[in-house]
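Here's the structure, in structure tokens; my notes come after.
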Amino acid sequence: FGILTEGRHAGFLSSRGRLLHDAILSRPSEEEFLVDVDRANVGRLARHLNMYKLRANVDISDASHELSVWSFAGVPSADALSLNPVTAFSDPRSKALGLRIILERKSRPLIPKHVTGVTEKVYQVIRTLHGICEGSVESQGDFREEELPLECNLDVTDGVSFEKGCYIGQELTARTHHTGVVRKRFFPMAIDKSADNALRAAQVVQEYIDSDQTTLIPP
């Protein structure tokens, strides 16, 4: 389907329709696809894909030693950062996660003065408060092969298509959607001994998201 100028959120399912991996797909050139997946799950996903390629002339390899992933919030495009990315696009899961940029590791960017660096934990808080599941963070290594994609909110983040035919796990996914019965979901929650503290923590993060502050999340 040609070169992708935007990322696509997606999931890899088992034959039972359970989520194995979540990923962000991009296609920076006609010759390659990039599958942005939790670093803890790279090896297992590669084995999964190799099992299904059969005799197709496709090379599946781990590029994590060559590429790095960055997240910038409050930046309209990579052009504003004077970078030369492999690919760059708005995070397809939520506007709150900003711009997702894939760079060659050897070309680690100079951080502009107007960009404030934050830790990966801040990124996780923002992501979690928007109900976005991500690989090993929620499942201690991999999804447990028990969660349905809709339970992990992939229908909310456009990570599942109800029009596409013939993919592994489609039957249960389509049936769950059309019956309208999703008995459980990942849902954001702030917990503290003091209800006021928990509410304030959520408000602070939301204020940070809504501000014009430009932020950088390191890989």
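Starting from 1 in every chain, residues are counted up; chains themselves are A, B, ... following the order of the structure tokens, and ligands are numbered from 1 as listed.
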
Item to check | Close residues, His65 of chain A itself excluded, 12 Å, only C-alpha atoms, min 3 positions apart in chain, as a list in words | outcome: Arg39, Val42, Ser61, Asp62, Ser68, Val69, Leu103, Glu104, Arg105 and Lys106 of chain A

Find the residues of segment 29-118 of chain A that sit at most 8 Å from segment 152-170 of chain A; for each, write down the nearest two atoms and how far apart they are in Å, to one decimal. Count only C-alpha atoms. Sort by chain, then by number going up, and give it as a tab-separated table.
residue	atom	partner	partner_atom	distance
A:Pro92	CA	A:Thr157	CA	7.0
A:Arg93	CA	A:Thr157	CA	4.7
A:Ser94	CA	A:Thr157	CA	7.1

With all heavy atoms kept, could you save the residues just selected as a compact mmCIF listing (two decimals), in the first residue's frame?
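Heads up, here's the output in selection_19.txt:
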# COMPACT_ATOMS: atom_id res chain seq x y z
N PRO A 92 0.08 7.46 16.49
CA PRO A 92 -1.30 7.15 16.08
C PRO A 92 -2.21 6.78 17.24
O PRO A 92 -3.43 6.75 17.08
CB PRO A 92 -1.11 5.97 15.12
CG PRO A 92 0.14 5.30 15.58
CD PRO A 92 1.03 6.42 16.04
N ARG A 93 -1.66 6.54 18.42
CA ARG A 93 -2.47 6.09 19.54
C ARG A 93 -3.15 7.23 20.27
O ARG A 93 -4.25 7.09 20.78
CB ARG A 93 -1.62 5.28 20.51
CG ARG A 93 -1.01 4.04 19.87
CD ARG A 93 0.04 3.42 20.78
NE ARG A 93 1.16 4.34 21.01
CZ ARG A 93 2.17 4.09 21.83
NH1 ARG A 93 2.20 2.94 22.50
NH2 ARG A 93 3.16 4.95 21.98
N SER A 94 -2.49 8.39 20.35
CA SER A 94 -3.05 9.54 21.06
C SER A 94 -2.25 10.79 20.74
O SER A 94 -1.02 10.75 20.66
CB SER A 94 -3.03 9.29 22.57
OG SER A 94 -3.41 10.46 23.28

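DSSP secondary structure from the backbone places Phe33, Leu34, Val35, Asp36, Leu67, Ser68, Val69, Trp70, Ser71, Phe72, Ala73, Thr87, Ala88, Phe89, Ser90, Leu99, Arg100, Ile101, Ile102, Leu103, Glu104, Thr116 and Gly117 of chain A of segment 33-120 of chain A in strand (DSSP E or B).
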
Got time to write the residues from that selection, N, CA, C and O atoms, as a CSV table (one decimal), in the first residue's frame?
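This is the output file out.csv:
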chain,number,residue,atom,x,y,z
A,33,PHE,N,9.5,-2.2,5.8
A,33,PHE,CA,8.5,-1.9,6.9
A,33,PHE,C,9.3,-1.8,8.2
A,33,PHE,O,10.2,-2.6,8.4
A,34,LEU,N,8.9,-0.9,9.0
A,34,LEU,CA,9.5,-0.8,10.4
A,34,LEU,C,8.3,-1.2,11.4
A,34,LEU,O,7.2,-0.7,11.3
A,35,VAL,N,8.7,-2.1,12.3
A,35,VAL,CA,7.7,-2.6,13.3
A,35,VAL,C,8.3,-2.1,14.6
A,35,VAL,O,9.2,-2.7,15.1
A,36,ASP,N,7.7,-1.1,15.2
A,36,ASP,CA,8.1,-0.5,16.4
A,36,ASP,C,7.4,-1.2,17.6
A,36,ASP,O,6.2,-1.1,17.8
A,67,LEU,N,18.7,1.6,15.2
A,67,LEU,CA,17.7,2.6,15.2
A,67,LEU,C,17.3,2.9,16.7
A,67,LEU,O,17.3,2.0,17.5
A,68,SER,N,16.8,4.1,16.9
A,68,SER,CA,16.3,4.5,18.2
A,68,SER,C,15.0,5.3,18.0
A,68,SER,O,14.8,5.9,17.0
A,69,VAL,N,14.1,5.2,19.0
A,69,VAL,CA,12.8,5.8,18.9
A,69,VAL,C,12.7,6.9,20.0
A,69,VAL,O,13.1,6.8,21.1
A,70,TRP,N,12.2,8.1,19.5
A,70,TRP,CA,12.1,9.3,20.3
A,70,TRP,C,10.6,9.8,20.3
A,70,TRP,O,10.0,9.6,19.3
A,71,SER,N,10.2,10.4,21.3
A,71,SER,CA,8.9,11.0,21.4
A,71,SER,C,9.0,12.5,21.8
A,71,SER,O,9.6,12.8,22.7
A,72,PHE,N,8.4,13.3,20.9
A,72,PHE,CA,8.4,14.8,21.2
A,72,PHE,C,7.0,15.3,21.3
A,72,PHE,O,6.2,15.0,20.4
A,73,ALA,N,6.6,15.9,22.4
A,73,ALA,CA,5.3,16.5,22.5
A,73,ALA,C,5.4,18.0,22.3
A,73,ALA,O,6.4,18.6,22.6
A,87,THR,N,12.1,8.1,9.8
A,87,THR,CA,10.7,8.4,9.6
A,87,THR,C,10.2,9.1,10.8
A,87,THR,O,10.8,9.0,11.9
A,88,ALA,N,9.1,9.9,10.6
A,88,ALA,CA,8.5,10.7,11.7
A,88,ALA,C,7.1,10.8,11.5
A,88,ALA,O,6.6,11.0,10.3
A,89,PHE,N,6.3,10.7,12.5
A,89,PHE,CA,4.8,10.8,12.4
A,89,PHE,C,4.2,11.1,13.7
A,89,PHE,O,4.8,10.8,14.8
A,90,SER,N,3.0,11.6,13.7
A,90,SER,CA,2.2,11.8,15.0
A,90,SER,C,1.9,10.4,15.5
A,90,SER,O,1.5,9.5,14.8
A,99,LEU,N,4.8,13.6,18.7
A,99,LEU,CA,5.5,13.1,17.5
A,99,LEU,C,6.4,12.0,17.8
A,99,LEU,O,7.2,12.0,18.8
A,100,ARG,N,6.3,10.9,17.0
A,100,ARG,CA,7.2,9.8,17.2
A,100,ARG,C,8.2,9.8,16.1
A,100,ARG,O,7.9,9.8,14.9
A,101,ILE,N,9.5,9.7,16.5
A,101,ILE,CA,10.6,9.9,15.5
A,101,ILE,C,11.5,8.7,15.6
A,101,ILE,O,11.9,8.3,16.7
A,102,ILE,N,11.9,8.1,14.5
A,102,ILE,CA,12.9,7.0,14.5
A,102,ILE,C,14.1,7.5,13.8
A,102,ILE,O,14.1,8.0,12.7
A,103,LEU,N,15.2,7.4,14.6
A,103,LEU,CA,16.5,8.0,14.1
A,103,LEU,C,17.5,6.8,14.1
A,103,LEU,O,17.4,5.8,14.7
A,104,GLU,N,18.6,7.0,13.3
A,104,GLU,CA,19.7,6.1,13.3
A,104,GLU,C,20.5,6.4,14.6
A,104,GLU,O,20.6,7.5,15.0
A,116,THR,N,12.5,20.6,26.5
A,116,THR,CA,12.8,20.1,27.9
A,116,THR,C,12.8,18.6,27.9
A,116,THR,O,11.8,18.0,27.5
A,117,GLY,N,13.8,18.0,28.4
A,117,GLY,CA,13.9,16.6,28.5
A,117,GLY,C,13.2,16.1,29.7
A,117,GLY,O,13.3,16.7,30.8

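Comparing A:Tyr123, A:Glu31, A:Leu83, A:Asp38 by their smallest distance to Asn57 of chain A, the closest is A:Glu31 (using only C-alpha atoms).
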
Checklist entry - Using only C-alpha atoms, which residue out of A:Asp59, A:Glu134, A:Glu151, A:Glu120 lies closest to Val37 of chain A? => result A:Glu134

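Remark: for Tyr52 of chain A, the closest of the candidate residues A:Ser26, A:Gln203, A:Thr173, A:Ser14 is A:Ser14 (distances computed over only C-alpha atoms).
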
Checklist entry - Using only C-alpha atoms, which residue out of A:Leu148, A:Ala10, A:Ile126, A:Ala174 lies closest to Asp22 of chain A? => result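 That would be A:Ala10, the residue with the smallest distance to Asp22 of chain A.
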
Item to check | Which of A:Pro85, A:Gly74, A:Gly131, A:Gly17 sits closest to Arg175 of chain A [using only C-alpha atoms] | outcome: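 Among the listed residues, the smallest separation from Arg175 of chain A belongs to A:Gly17.
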
Next on the checklist: Taking only segment 2-133 of chain A into account, list the residues labelled alpha helix (DSSP H) by DSSP (computed from the backbone), as an NGL selection string.
Outcome noted: :A and (42-53 or 120-129)

Atoms kept (N, CA and C atoms) for selection, written as a PDB file, in the first residue's frame:
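Final output, result.pdb:
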ATOM      1  N   VAL A  42      11.068  -8.115  21.096  1.00  0.00           N
ATOM      2  CA  VAL A  42      11.582  -8.138  19.726  1.00  0.00           C
ATOM      3  C   VAL A  42      11.871  -9.564  19.242  1.00  0.00           C
ATOM      4  N   GLY A  43      12.582 -10.339  20.042  1.00  0.00           N
ATOM      5  CA  GLY A  43      12.950 -11.686  19.622  1.00  0.00           C
ATOM      6  C   GLY A  43      11.756 -12.577  19.388  1.00  0.00           C
ATOM      7  N   ARG A  44      10.793 -12.507  20.285  1.00  0.00           N
ATOM      8  CA  ARG A  44       9.618 -13.364  20.152  1.00  0.00           C
ATOM      9  C   ARG A  44       8.785 -12.972  18.939  1.00  0.00           C
ATOM     10  N   LEU A  45       8.641 -11.662  18.690  1.00  0.00           N
ATOM     11  CA  LEU A  45       7.881 -11.226  17.525  1.00  0.00           C
ATOM     12  C   LEU A  45       8.579 -11.646  16.238  1.00  0.00           C
ATOM     13  N   ALA A  46       9.898 -11.554  16.192  1.00  0.00           N
ATOM     14  CA  ALA A  46      10.645 -11.965  14.993  1.00  0.00           C
ATOM     15  C   ALA A  46      10.407 -13.443  14.708  1.00  0.00           C
ATOM     16  N   ARG A  47      10.424 -14.271  15.744  1.00  0.00           N
ATOM     17  CA  ARG A  47      10.153 -15.703  15.560  1.00  0.00           C
ATOM     18  C   ARG A  47       8.724 -15.932  15.071  1.00  0.00           C
ATOM     19  N   HIS A  48       7.798 -15.159  15.595  1.00  0.00           N
ATOM     20  CA  HIS A  48       6.399 -15.270  15.191  1.00  0.00           C
ATOM     21  C   HIS A  48       6.234 -14.931  13.713  1.00  0.00           C
ATOM     22  N   LEU A  49       6.860 -13.842  13.258  1.00  0.00           N
ATOM     23  CA  LEU A  49       6.747 -13.427  11.860  1.00  0.00           C
ATOM     24  C   LEU A  49       7.442 -14.413  10.927  1.00  0.00           C
ATOM     25  N   ASN A  50       8.602 -14.902  11.340  1.00  0.00           N
ATOM     26  CA  ASN A  50       9.329 -15.862  10.505  1.00  0.00           C
ATOM     27  C   ASN A  50       8.532 -17.143  10.305  1.00  0.00           C
ATOM     28  N   MET A  51       7.712 -17.496  11.284  1.00  0.00           N
ATOM     29  CA  MET A  51       6.911 -18.711  11.178  1.00  0.00           C
ATOM     30  C   MET A  51       5.870 -18.601  10.064  1.00  0.00           C
ATOM     31  N   TYR A  52       5.432 -17.370   9.791  1.00  0.00           N
ATOM     32  CA  TYR A  52       4.358 -17.182   8.807  1.00  0.00           C
ATOM     33  C   TYR A  52       4.835 -16.701   7.440  1.00  0.00           C
ATOM     34  N   LYS A  53       6.115 -16.401   7.289  1.00  0.00           N
ATOM     35  CA  LYS A  53       6.554 -15.885   5.988  1.00  0.00           C
ATOM     36  C   LYS A  53       6.686 -16.987   4.942  1.00  0.00           C
ATOM     37  N   GLU A 120      11.606   8.632  31.010  1.00  0.00           N
ATOM     38  CA  GLU A 120      10.658   7.690  30.415  1.00  0.00           C
ATOM     39  C   GLU A 120       9.474   7.437  31.347  1.00  0.00           C
ATOM     40  N   LYS A 121       9.686   7.604  32.668  1.00  0.00           N
ATOM     41  CA  LYS A 121       8.586   7.390  33.613  1.00  0.00           C
ATOM     42  C   LYS A 121       7.484   8.431  33.415  1.00  0.00           C
ATOM     43  N   VAL A 122       7.863   9.662  33.078  1.00  0.00           N
ATOM     44  CA  VAL A 122       6.852  10.686  32.804  1.00  0.00           C
ATOM     45  C   VAL A 122       6.031  10.279  31.583  1.00  0.00           C
ATOM     46  N   TYR A 123       6.708   9.787  30.575  1.00  0.00           N
ATOM     47  CA  TYR A 123       6.035   9.288  29.368  1.00  0.00           C
ATOM     48  C   TYR A 123       5.053   8.181  29.735  1.00  0.00           C
ATOM     49  N   GLN A 124       5.474   7.263  30.593  1.00  0.00           N
ATOM     50  CA  GLN A 124       4.607   6.159  30.989  1.00  0.00           C
ATOM     51  C   GLN A 124       3.374   6.649  31.735  1.00  0.00           C
ATOM     52  N   VAL A 125       3.542   7.667  32.563  1.00  0.00           N
ATOM     53  CA  VAL A 125       2.397   8.223  33.286  1.00  0.00           C
ATOM     54  C   VAL A 125       1.390   8.832  32.306  1.00  0.00           C
ATOM     55  N   ILE A 126       1.886   9.608  31.357  1.00  0.00           N
ATOM     56  CA  ILE A 126       1.009  10.218  30.355  1.00  0.00           C
ATOM     57  C   ILE A 126       0.288   9.133  29.559  1.00  0.00           C
ATOM     58  N   ARG A 127       1.040   8.134  29.127  1.00  0.00           N
ATOM     59  CA  ARG A 127       0.456   7.042  28.344  1.00  0.00           C
ATOM     60  C   ARG A 127      -0.593   6.280  29.149  1.00  0.00           C
ATOM     61  N   THR A 128      -0.262   5.962  30.393  1.00  0.00           N
ATOM     62  CA  THR A 128      -1.166   5.189  31.236  1.00  0.00           C
ATOM     63  C   THR A 128      -2.454   5.935  31.521  1.00  0.00           C
ATOM     64  N   LEU A 129      -2.354   7.244  31.783  1.00  0.00           N
ATOM     65  CA  LEU A 129      -3.549   8.028  32.089  1.00  0.00           C
ATOM     66  C   LEU A 129      -4.454   8.209  30.881  1.00  0.00           C
TER      67      LEU A 129
END

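Going from atom CA of His9 of chain A to atom CA of Arg55 of chain A covers 26.7 Å.
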
Next on the checklist: If I take atom CA of Ala78 of chain A and atom CA of Leu97 of chain A, how far is one from the other in Å, to one decimal?
Outcome noted: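 One can read the atom CA of Ala78 of chain A to atom CA of Leu97 of chain A distance as 14.4 Å.
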
Next on the checklist: Need to verify the contact set: segment 181-183 of chain A, 8 Å, only C-alpha atoms, exclusion of same-chain residues closer than 4 positions in sequence. Can you return it as a ChimeraX atom specification?
Outcome noted: /A:150-151,176-177
